[in-house]
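K.L.:
See model.csv below, with CSV, C-alpha atoms.
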chain,number,residue,atom,x,y,z
A,1,MET,CA,-223.9,12.2,166.1
A,2,SER,CA,-220.9,11.8,163.8
A,3,ARG,CA,-221.8,11.3,160.2
A,4,LEU,CA,-219.0,8.7,160.1
A,5,LEU,CA,-221.2,6.4,162.1
A,6,PRO,CA,-223.2,5.1,159.1
A,7,CYS,CA,-219.8,4.3,157.4
A,8,LEU,CA,-218.8,2.3,160.4
A,9,LEU,CA,-222.2,0.5,160.5
A,10,ALA,CA,-221.6,-0.3,156.8
A,11,LEU,CA,-218.5,-2.3,157.9
A,12,ALA,CA,-220.9,-5.1,158.8
A,13,CYS,CA,-221.3,-4.2,162.5
A,14,ALA,CA,-218.0,-5.8,163.2
A,15,PRO,CA,-216.7,-6.3,166.8
A,16,LEU,CA,-215.1,-3.1,168.2
A,17,GLY,CA,-211.6,-4.5,168.0
A,18,ALA,CA,-211.9,-5.9,164.5
A,19,ILE,CA,-210.1,-4.6,161.4
A,20,GLU,CA,-212.5,-4.0,158.5
A,21,VAL,CA,-212.2,-3.1,154.8
A,22,PHE,CA,-214.6,-0.4,153.8
A,23,LYS,CA,-216.9,-2.0,151.2
A,24,GLY,CA,-219.7,0.5,150.9
A,25,PRO,CA,-221.0,1.7,147.5
A,26,GLY,CA,-218.3,3.3,145.4
A,27,SER,CA,-215.5,1.3,147.1
A,28,ALA,CA,-215.1,-1.1,144.1
A,29,ASP,CA,-214.0,1.9,142.0
A,30,LEU,CA,-211.3,3.2,144.4
A,31,HIS,CA,-207.9,3.4,142.9
A,32,GLU,CA,-204.7,4.1,144.8
A,33,PRO,CA,-206.0,6.2,147.7
A,34,PHE,CA,-203.1,8.3,149.0
A,35,SER,CA,-204.4,10.3,151.9
A,36,LEU,CA,-207.6,11.3,153.7
A,37,ALA,CA,-208.8,13.8,156.2
A,38,PHE,CA,-211.9,14.3,158.3
A,39,ASP,CA,-214.2,17.3,158.6
A,40,ALA,CA,-216.0,18.4,161.8
A,41,LYS,CA,-219.1,16.4,160.8
A,42,GLY,CA,-217.1,13.2,160.6
A,43,ASP,CA,-217.1,12.9,156.8
A,44,ALA,CA,-213.8,11.9,155.3
A,45,TYR,CA,-212.3,13.3,152.1
A,46,GLY,CA,-209.5,11.6,150.2
A,47,VAL,CA,-207.4,11.8,147.1
A,48,GLU,CA,-206.5,9.1,144.5
A,49,PHE,CA,-203.2,9.0,142.7
A,50,GLN,CA,-202.5,9.0,139.0
A,51,PRO,CA,-204.6,6.1,137.7
A,52,THR,CA,-207.8,8.2,138.3
A,53,ASN,CA,-206.8,11.6,139.8
A,54,ARG,CA,-210.1,12.2,141.7
A,55,ILE,CA,-211.1,13.6,145.1
A,56,PHE,CA,-213.6,11.4,146.9
A,57,LYS,CA,-215.9,11.8,149.9
A,58,LEU,CA,-216.6,9.0,152.3
A,59,HIS,CA,-220.0,9.6,154.1
A,60,ASP,CA,-223.2,7.9,154.9
A,61,GLY,CA,-221.7,4.5,154.3
A,62,ARG,CA,-220.6,5.2,150.7
A,63,ILE,CA,-217.8,6.8,148.6
A,64,ASP,CA,-218.8,9.6,146.2
A,65,TYR,CA,-216.3,11.0,143.7
A,66,ILE,CA,-216.8,14.7,144.0
A,67,SER,CA,-214.1,16.4,141.9
A,68,GLY,CA,-211.6,15.6,139.2
A,69,VAL,CA,-211.8,14.5,135.6
A,70,ARG,CA,-211.0,10.8,135.6
A,71,TRP,CA,-207.8,10.1,133.6
A,72,ASP,CA,-204.7,8.1,133.8
A,73,SER,CA,-201.8,10.6,133.9
A,74,ALA,CA,-199.0,8.1,134.6
A,75,PRO,CA,-198.1,7.3,130.9
A,76,LYS,CA,-195.5,9.7,129.6
A,77,GLY,CA,-197.0,12.4,127.5
A,78,GLN,CA,-200.6,11.5,128.4
A,79,GLN,CA,-203.1,14.3,128.3
A,80,PRO,CA,-206.6,14.6,129.8
A,81,PRO,CA,-209.6,13.7,127.6
A,82,ALA,CA,-210.7,16.6,125.4
A,83,PRO,CA,-211.9,19.2,125.9
A,84,ALA,CA,-210.3,19.1,129.4
A,85,LYS,CA,-206.8,20.5,129.8
A,86,ARG,CA,-204.1,20.4,132.4
A,87,LEU,CA,-204.7,22.9,135.2
A,88,ASP,CA,-208.4,23.3,134.4
A,89,LEU,CA,-210.5,24.2,137.4
A,90,SER,CA,-214.0,23.6,135.9
A,91,PRO,CA,-214.2,20.7,135.5
A,92,ALA,CA,-211.1,20.3,137.6
A,93,VAL,CA,-208.1,18.4,136.2
A,94,TYR,CA,-205.6,17.0,138.7
A,95,ASP,CA,-202.3,15.1,138.3
A,96,GLY,CA,-200.7,13.0,141.1
A,97,MET,CA,-202.4,14.4,144.2
A,98,HIS,CA,-200.6,13.3,147.4
A,99,ASP,CA,-202.5,14.9,150.3
A,100,ILE,CA,-205.7,16.5,151.4
A,101,ALA,CA,-206.7,18.6,154.4
A,102,VAL,CA,-209.8,20.2,155.8
A,103,GLY,CA,-209.6,23.7,157.3
A,104,PRO,CA,-211.5,25.0,160.3
A,105,ASP,CA,-214.1,26.6,158.1
A,106,GLY,CA,-214.7,23.3,156.2
A,107,SER,CA,-212.6,24.3,153.2
A,108,ILE,CA,-211.0,21.3,151.5
A,109,TYR,CA,-207.5,21.6,150.3
A,110,ALA,CA,-205.6,19.2,148.1
A,111,ALA,CA,-201.9,19.1,147.0
A,112,ASP,CA,-202.1,18.7,143.2
A,113,SER,CA,-198.5,17.7,143.3
A,114,PHE,CA,-197.5,17.2,139.7
A,115,GLN,CA,-199.2,20.4,138.7
A,116,HIS,CA,-197.2,22.3,141.4
A,117,ARG,CA,-200.2,23.8,143.2
A,118,ILE,CA,-202.7,23.5,146.1
A,119,ILE,CA,-206.3,23.8,145.3
A,120,ARG,CA,-209.4,24.6,147.4
A,121,LEU,CA,-212.8,22.9,147.2
A,122,ASP,CA,-215.8,24.7,148.5
A,123,PRO,CA,-217.3,22.3,151.1
A,124,LYS,CA,-220.9,22.9,149.9
A,125,THR,CA,-220.6,23.1,146.1
A,126,HIS,CA,-217.3,21.4,145.6
A,127,ALA,CA,-216.3,24.1,143.2
A,128,THR,CA,-212.5,24.2,142.7
A,129,THR,CA,-210.3,27.3,142.9
A,130,GLY,CA,-206.6,27.8,143.1
A,131,PHE,CA,-205.2,28.5,146.5
A,132,ALA,CA,-201.4,28.4,146.3
A,133,GLY,CA,-198.9,28.0,143.5
A,134,THR,CA,-199.1,29.2,140.0
A,135,GLY,CA,-199.0,25.7,138.4
A,136,LYS,CA,-195.5,26.3,137.1
A,137,ALA,CA,-192.6,24.5,138.8
A,138,GLY,CA,-190.1,26.7,140.5
A,139,PHE,CA,-189.2,28.4,143.8
A,140,ALA,CA,-190.6,31.9,144.4
A,141,GLY,CA,-193.0,34.0,146.4
A,142,ASP,CA,-191.8,33.8,150.0
A,143,GLY,CA,-193.2,36.8,151.9
A,144,GLY,CA,-196.0,37.3,149.4
A,145,PRO,CA,-199.3,35.9,148.4
A,146,ALA,CA,-199.4,32.1,148.2
A,147,ASP,CA,-201.4,32.1,144.9
A,148,ARG,CA,-198.4,33.9,143.2
A,149,ALA,CA,-195.8,31.6,144.8
A,150,GLN,CA,-194.1,28.7,143.0
A,151,PHE,CA,-193.7,25.1,144.2
A,152,ASN,CA,-191.9,22.2,142.8
A,153,ILE,CA,-194.0,19.1,143.6
A,154,PRO,CA,-195.7,20.0,146.8
A,155,MET,CA,-196.3,16.7,148.4
A,156,CYS,CA,-198.0,17.5,151.7
A,157,ALA,CA,-200.4,20.2,152.7
A,158,VAL,CA,-201.7,19.9,156.3
A,159,ILE,CA,-203.4,22.3,158.7
A,160,ASP,CA,-201.5,23.0,162.0
A,161,PRO,CA,-203.2,22.4,165.4
A,162,SER,CA,-204.1,26.1,165.7
A,163,GLY,CA,-206.1,26.0,162.4
A,164,LYS,CA,-204.3,29.2,161.4
A,165,PHE,CA,-201.6,27.8,159.1
A,166,MET,CA,-201.0,25.3,156.4
A,167,ILE,CA,-197.7,23.3,156.4
A,168,VAL,CA,-196.4,22.3,152.9
A,169,ALA,CA,-193.7,19.8,152.2
A,170,ASP,CA,-192.2,21.3,148.9
A,171,LEU,CA,-190.3,18.2,147.8
A,172,VAL,CA,-188.0,19.2,144.9
A,173,ASN,CA,-187.4,22.6,146.5
A,174,GLN,CA,-186.1,20.7,149.5
A,175,ARG,CA,-188.1,23.0,151.9
A,176,VAL,CA,-191.0,23.1,154.3
A,177,ARG,CA,-193.2,26.1,153.8
A,178,ARG,CA,-196.0,27.7,155.8
A,179,ILE,CA,-199.1,29.6,154.6
A,180,ASP,CA,-201.0,31.9,156.8
A,181,LEU,CA,-204.7,31.0,156.1
A,182,ALA,CA,-205.9,34.5,157.1
A,183,THR,CA,-203.4,36.6,155.1
A,184,LYS,CA,-202.5,33.9,152.5
A,185,THR,CA,-198.8,34.8,153.0
A,186,ILE,CA,-196.3,32.1,152.4
A,187,THR,CA,-192.9,31.7,154.1
A,188,THR,CA,-190.2,29.0,154.4
A,189,ILE,CA,-189.8,27.5,157.9
A,190,ALA,CA,-187.2,24.8,157.2
A,191,GLY,CA,-184.6,24.0,154.5
A,192,ASN,CA,-182.1,26.0,152.5
A,193,GLY,CA,-183.0,24.5,149.1
A,194,GLN,CA,-179.9,22.3,148.9
A,195,LYS,CA,-179.8,18.5,148.6
A,196,GLY,CA,-178.6,16.7,151.6
A,197,PHE,CA,-179.8,16.1,155.2
A,198,PRO,CA,-179.6,18.1,158.4
A,199,LYS,CA,-177.4,17.5,161.4
A,200,ASP,CA,-178.5,17.8,165.0
A,201,GLY,CA,-178.5,21.4,166.2
A,202,ASP,CA,-178.5,22.9,162.7
A,203,ASP,CA,-180.4,26.1,162.1
A,204,ALA,CA,-183.6,25.1,160.3
A,205,LEU,CA,-183.3,27.7,157.6
A,206,GLN,CA,-179.6,27.2,156.9
A,207,THR,CA,-179.5,23.4,156.6
A,208,PRO,CA,-180.5,21.0,153.8
A,209,MET,CA,-183.9,19.5,154.2
A,210,GLY,CA,-183.5,17.2,151.3
A,211,ASP,CA,-186.4,15.2,149.9
A,212,ALA,CA,-188.9,16.6,152.5
A,213,ARG,CA,-191.7,14.2,151.7
A,214,ALA,CA,-194.2,15.1,154.4
A,215,ALA,CA,-194.6,17.3,157.5
A,216,CYS,CA,-196.9,17.9,160.3
A,217,MET,CA,-197.0,20.0,163.5
A,218,ALA,CA,-197.5,18.9,167.1
A,219,PRO,CA,-199.5,21.0,169.6
A,220,ASP,CA,-196.2,22.1,171.3
A,221,GLY,CA,-195.1,23.7,168.0
A,222,THR,CA,-192.7,21.1,166.9
A,223,THR,CA,-192.7,20.5,163.1
A,224,TYR,CA,-191.9,16.9,162.2
A,225,VAL,CA,-190.4,16.5,158.7
A,226,LEU,CA,-190.2,13.2,157.0
A,227,LEU,CA,-187.0,12.9,154.9
A,228,ARG,CA,-187.9,10.2,152.3
A,229,ASN,CA,-184.5,9.3,150.8
A,230,SER,CA,-182.8,9.6,154.1
A,231,HIS,CA,-185.3,7.3,155.7
A,232,ALA,CA,-185.5,9.6,158.7
A,233,LEU,CA,-187.7,11.8,160.7
A,234,GLY,CA,-186.5,15.3,161.8
A,235,ALA,CA,-188.0,17.6,164.4
A,236,VAL,CA,-187.8,21.4,164.1
A,237,LYS,CA,-188.3,23.3,167.3
A,238,ASP,CA,-187.3,26.9,168.1
A,239,GLY,CA,-185.5,27.1,164.8
A,240,LYS,CA,-183.3,24.1,165.3
A,241,VAL,CA,-183.3,20.6,163.8
A,242,THR,CA,-182.9,17.3,165.5
A,243,LEU,CA,-183.0,13.9,163.8
A,244,VAL,CA,-185.3,11.8,166.0
A,245,VAL,CA,-185.7,8.6,164.0
A,246,ASN,CA,-182.9,6.9,162.2
A,247,LYS,CA,-179.8,9.1,162.8
A,248,ALA,CA,-177.8,6.7,160.7
A,249,LEU,CA,-179.9,7.7,157.6
A,250,LYS,CA,-179.8,4.1,156.2
A,251,PRO,CA,-182.7,2.0,155.0
A,252,GLY,CA,-183.7,-1.1,156.9
A,253,PRO,CA,-186.6,-3.2,158.2
A,254,ALA,CA,-189.0,-2.0,160.8
A,255,THR,CA,-188.0,-3.0,164.3
A,256,ASP,CA,-189.2,-1.7,167.7
A,257,GLY,CA,-187.0,0.1,170.2
A,258,PRO,CA,-185.0,3.4,170.5
A,259,ALA,CA,-186.1,5.7,167.7
A,260,ALA,CA,-182.6,7.1,167.1
A,261,GLU,CA,-181.3,3.7,166.2
A,262,ALA,CA,-184.3,2.5,164.2
A,263,ARG,CA,-184.4,2.1,160.5
A,264,MET,CA,-187.1,3.0,158.0
A,265,ASN,CA,-187.5,2.3,154.3
A,266,GLY,CA,-188.9,5.0,152.0
A,267,PRO,CA,-191.3,6.5,154.5
A,268,LYS,CA,-194.0,8.6,152.7
A,269,TYR,CA,-196.3,10.3,155.2
A,270,VAL,CA,-196.5,11.6,158.8
A,271,THR,CA,-199.4,12.7,161.0
A,272,MET,CA,-200.2,13.2,164.7
A,273,ASP,CA,-202.4,11.1,166.9
A,274,ALA,CA,-204.6,12.4,169.8
A,275,LYS,CA,-201.9,11.7,172.4
A,276,GLY,CA,-199.1,13.7,170.8
A,277,ASN,CA,-197.4,10.7,169.2
A,278,VAL,CA,-196.2,10.8,165.6
A,279,LEU,CA,-197.7,8.2,163.1
A,280,ILE,CA,-195.3,7.4,160.2
A,281,LEU,CA,-196.3,5.5,157.1
A,282,ASP,CA,-193.1,3.4,156.6
A,283,THR,CA,-194.3,2.7,153.0
A,284,GLU,CA,-191.7,0.4,151.6
A,285,ASN,CA,-191.8,-1.6,154.8
A,286,HIS,CA,-195.5,-1.9,154.3
A,287,CYS,CA,-196.4,-0.7,157.8
A,288,LEU,CA,-197.5,2.1,160.1
A,289,ARG,CA,-195.3,3.0,163.0
A,290,LEU,CA,-195.7,5.2,166.1
A,291,PHE,CA,-192.9,7.5,167.4
A,292,ASP,CA,-193.3,8.5,171.0
A,293,PRO,CA,-191.5,11.8,171.4
A,294,VAL,CA,-191.5,11.5,175.2
A,295,LYS,CA,-190.0,8.1,175.4
A,296,GLN,CA,-188.0,8.5,172.1
A,297,THR,CA,-189.1,5.1,171.0
A,298,ILE,CA,-190.7,3.7,167.9
A,299,ARG,CA,-193.0,0.7,167.3
A,300,THR,CA,-195.0,-0.9,164.5
A,301,ILE,CA,-198.7,-0.6,165.1
A,302,VAL,CA,-200.1,-1.7,161.7
A,303,GLY,CA,-198.7,-4.4,159.4
A,304,ASN,CA,-196.0,-7.0,159.8
A,305,GLY,CA,-193.4,-5.5,157.4
A,306,LYS,CA,-194.3,-7.8,154.6
A,307,LYS,CA,-196.4,-6.8,151.5
A,308,GLY,CA,-199.7,-8.5,151.4
A,309,ALA,CA,-203.5,-8.2,151.6
A,310,THR,CA,-204.4,-10.3,154.6
A,311,VAL,CA,-206.9,-8.8,157.0
A,312,GLY,CA,-206.3,-10.2,160.4
A,313,ALA,CA,-208.2,-10.1,163.7
A,314,ASP,CA,-206.1,-7.1,164.7
A,315,TRP,CA,-203.7,-4.6,163.2
A,316,ALA,CA,-200.7,-6.8,163.8
A,317,GLY,CA,-202.2,-9.6,161.8
A,318,THR,CA,-203.2,-7.3,158.9
A,319,GLN,CA,-200.9,-6.8,155.9
A,320,LEU,CA,-200.5,-3.6,153.8
A,321,ASN,CA,-199.2,-2.8,150.4
A,322,ARG,CA,-197.3,0.5,150.2
A,323,PRO,CA,-199.7,2.5,152.4
A,324,HIS,CA,-199.6,6.3,152.0
A,325,GLY,CA,-202.0,7.7,154.6
A,326,ALA,CA,-203.6,7.4,158.0
A,327,ARG,CA,-205.9,9.4,160.2
A,328,LEU,CA,-207.7,9.1,163.5
A,329,GLY,CA,-211.4,9.8,162.9
A,330,PRO,CA,-213.6,11.9,165.3
A,331,ASP,CA,-214.8,8.6,166.8
A,332,GLY,CA,-211.3,7.8,167.8
A,333,ARG,CA,-210.8,4.9,165.4
A,334,LEU,CA,-207.9,4.6,163.0
A,335,THR,CA,-208.3,4.8,159.2
A,336,VAL,CA,-205.5,3.7,156.9
A,337,THR,CA,-205.3,4.2,153.1
A,338,ASP,CA,-203.9,0.9,152.0
A,339,THR,CA,-202.8,2.4,148.7
A,340,TYR,CA,-201.7,-0.4,146.4
A,341,ASN,CA,-204.4,-2.8,147.7
A,342,ASN,CA,-206.9,-0.1,146.6
A,343,ARG,CA,-208.7,-0.1,149.8
A,344,ILE,CA,-209.5,1.8,153.1
A,345,LEU,CA,-209.1,0.0,156.4
A,346,VAL,CA,-210.7,0.9,159.7
A,347,GLY,CA,-210.0,-0.3,163.1
A,348,PRO,CA,-209.2,0.6,166.7
A,349,ALA,CA,-206.6,3.2,167.6
A,350,THR,CA,-203.5,1.6,169.2
If you convert what's in this file into C-alpha cells, what do you get?

P.N.:
Amino acid sequence: MSRLLPCLLALACAPLGAIEVFKGPGSADLHEPFSLAFDAKGDAYGVEFQPTNRIFKLHDGRIDYISGVRWDSAPKGQQPPAPAKRLDLSPAVYDGMHDIAVGPDGSIYAADSFQHRIIRLDPKTHATTGFAGTGKAGFAGDGGPADRAQFNIPMCAVIDPSGKFMIVADLVNQRVRRIDLATKTITTIAGNGQKGFPKDGDDALQTPMGDARAACMAPDGTTYVLLRNSHALGAVKDGKVTLVVNKALKPGPATDGPAAEARMNGPKYVTMDAKGNVLILDTENHCLRLFDPVKQTIRTIVGNGKKGATVGADWAGTQLNRPHGARLGPDGRLTVTDTYNNRILVGPAT
C-alpha cells in the first residue's frame, strides 16, 4: 500500500474529484514550496525557496523538515546564522533551491540553485553530500566528473525515464546538461552558451538555448526545454530543436488551442504525465497547462489565469498564485505546489 495514502486520508476523506489543500501537521510552517517528487514508497519530497531554504518530506499525513538550516537568504548580503556558513553540508545550508528529484535507488537530489550545485540526500539518514558542481559559478567540466563541473544557477535537476541520467537546466549558462548517474560524467545536450532562442531545425548544440529554466525527458527520448524569457517550449529530438509551444516567443494570456500559436507568460517548470503529455507551470499566468505532443494542442488544466487562493469544486474553479511545481503521485492523483499561497494542493489527474 502506498505510504501516500495516509496523506490523502488526512485531506479529510474528501470526494474523489475534490480539490484539497494539504493541512496535516507541519503544513502551517510551509513557505514557498517550489517543487516536489515522489519516491517508490509514495512519500513526497519537496524544496522551499529563499524564505526558509529547507527540504521537506510529506508522509504519513504530515510534513517533516528533514534538511537545511532555516534562514532567509533573500535580503542582499544576508548570511546564515552562525556558526553555519554557505555551502556547509553538515548541517546543510541551501540557498534558493528550485527542484528536487528521487533516483531509482531512492537517492534524493536537490538543485541548490544560488549556490551553483546539486546535492544528494541519503534516503535513510538524510545526510547531505555534494553530487554535482563545485559551488562556484561558471561553466566547466563537460566530459569529466560532475562534482568537478561548474554551473551557473542550475534550476532544474530531473531523472530521465530510464533512471540512468539526470537532466539539468543550467540557466545562466544557457544550456541543458546531462549527468550519467553510473559514471557521474557530465555533458551538454543542448545550447551553445549564447543568449537568444533556437529556430526550428537548428542543431541542438549549435543554437542558443537562452534562459533554459526547466527541462524533462519523454519516454521516446525527446527532451523538452522551457525557455522562460521567450515564453516558449522547445523539443530536442535526434539532435535537432523544434519550438512546439509559442513560436511567436511573445508573452500573453493562457488560451486553449494549437500549441504553436499559444502564448505563455514566464513559465517556470515542466514535467511529464503518465500519458506522455507535457505539464507546464505557466507561472505568471497562475495556471498549469497540458501540451499534447500528438495533437500539438495545449489546454489549461488547473487555474483560471487569475491570481488568487480560491479552492473550487474542481481544478478549473481553483485559483493559484505563481505555482512552480506539479507531479503525478503513484496513486495517479495530481499534486501542485501553489508556491505563493504557501500550500500544496491535491486532486484528480485531468

K.L.:
Which residue, A:Val311, A:Leu243, A:Leu30, A:Ile179, has the smallest gap to A:Phe165 when you use only C-alpha atoms?

P.N.:
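Answer, going by the shortest atom-to-atom distance: A:Ile179.
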
K.L.:
Which residues, written as a PDB file with C-alpha atoms, in the frame of the given file, have at least one atom at most 8 Å from A:Arg299, with all atoms listed in the file counted and residues fewer than 3 positions away on the same chain left out?

P.N.:
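See result.pdb below for the written result:
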ATOM      1  CA  THR A 255    -188.000  -3.000 164.300  1.00  0.00           C
ATOM      2  CA  ASP A 256    -189.200  -1.700 167.700  1.00  0.00           C
ATOM      3  CA  GLY A 257    -187.000   0.100 170.200  1.00  0.00           C
ATOM      4  CA  ARG A 289    -195.300   3.000 163.000  1.00  0.00           C
ATOM      5  CA  LEU A 290    -195.700   5.200 166.100  1.00  0.00           C
ATOM      6  CA  PHE A 291    -192.900   7.500 167.400  1.00  0.00           C
TER       7      PHE A 291
END

K.L.:
The residues within 10 Å of (-193.3, 19.1, 167.6), using all atoms listed in the file and the coordinates of the file, should be reported as a list in words; which are they?

P.N.:
Cys216, Met217, Ala218, Pro219, Asp220, Gly221, Thr222, Thr223, Tyr224, Val225, Gly234, Ala235, Val236, Lys237, Asp238, Met272, Gly276, Asn277, Val278 and Pro293 of chain A

K.L.:
For the atom pair atom CA of A:Gly144 and atom CA of A:Val172, what is the interatomic distance in Å to one decimal place?

P.N.:
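These atoms are spaced 20.3 Å apart.
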
K.L.:
With only C-alpha atoms as the counted atoms, please give the residues lying no more than 8 Å from A:Pro330, apart from itself and same-chain residues fewer than 3 positions off, as a PyMOL selection string.

P.N.:
chain A and resi 2+38+40+42+333

K.L.:
Would you compute the distance between atom CA of A:Val245 and atom CA of A:Val158? Give it in Å to one decimal.

P.N.:
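Taking atom CA of A:Val245 and atom CA of A:Val158, their separation equals 21.0 Å.
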
K.L.:
My list of candidates is A:Asp170, A:Asp331, A:Asp180, A:Asp160. Which is closest to A:Gly210 when distances are computed with all atoms listed in the file?

P.N.:
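Ranking A:Asp170, A:Asp331, A:Asp180, A:Asp160 by distance to A:Gly210, first place goes to A:Asp170.
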
K.L.:
What is the distance between atom CA of A:Gly312 and atom CA of A:Pro267, in Å to one decimal?

P.N.:
23.2 Å

K.L.:
I'd like the contact shell of A:Ala190 - 10 Å cut-off, only C-alpha atoms, skipping same-chain residues fewer than 3 positions apart - returned as a PyMOL selection string.

P.N.:
chain A and resi 169+174-178+187+193+203-209+212+223+225+236+239-241

K.L.:
May I have the selected residues written with C-alpha atoms, as an mmCIF file, in the frame of the given file?

P.N.:
data_model
loop_
_atom_site.group_PDB
_atom_site.id
_atom_site.type_symbol
_atom_site.label_atom_id
_atom_site.label_comp_id
_atom_site.auth_asym_id
_atom_site.auth_seq_id
_atom_site.Cartn_x
_atom_site.Cartn_y
_atom_site.Cartn_z
ATOM 1 C CA ALA A 169 -193.700 19.800 152.200
ATOM 2 C CA GLN A 174 -186.100 20.700 149.500
ATOM 3 C CA ARG A 175 -188.100 23.000 151.900
ATOM 4 C CA VAL A 176 -191.000 23.100 154.300
ATOM 5 C CA ARG A 177 -193.200 26.100 153.800
ATOM 6 C CA ARG A 178 -196.000 27.700 155.800
ATOM 7 C CA THR A 187 -192.900 31.700 154.100
ATOM 8 C CA GLY A 193 -183.000 24.500 149.100
ATOM 9 C CA ASP A 203 -180.400 26.100 162.100
ATOM 10 C CA ALA A 204 -183.600 25.100 160.300
ATOM 11 C CA LEU A 205 -183.300 27.700 157.600
ATOM 12 C CA GLN A 206 -179.600 27.200 156.900
ATOM 13 C CA THR A 207 -179.500 23.400 156.600
ATOM 14 C CA PRO A 208 -180.500 21.000 153.800
ATOM 15 C CA MET A 209 -183.900 19.500 154.200
ATOM 16 C CA ALA A 212 -188.900 16.600 152.500
ATOM 17 C CA THR A 223 -192.700 20.500 163.100
ATOM 18 C CA VAL A 225 -190.400 16.500 158.700
ATOM 19 C CA VAL A 236 -187.800 21.400 164.100
ATOM 20 C CA GLY A 239 -185.500 27.100 164.800
ATOM 21 C CA LYS A 240 -183.300 24.100 165.300
ATOM 22 C CA VAL A 241 -183.300 20.600 163.800
#
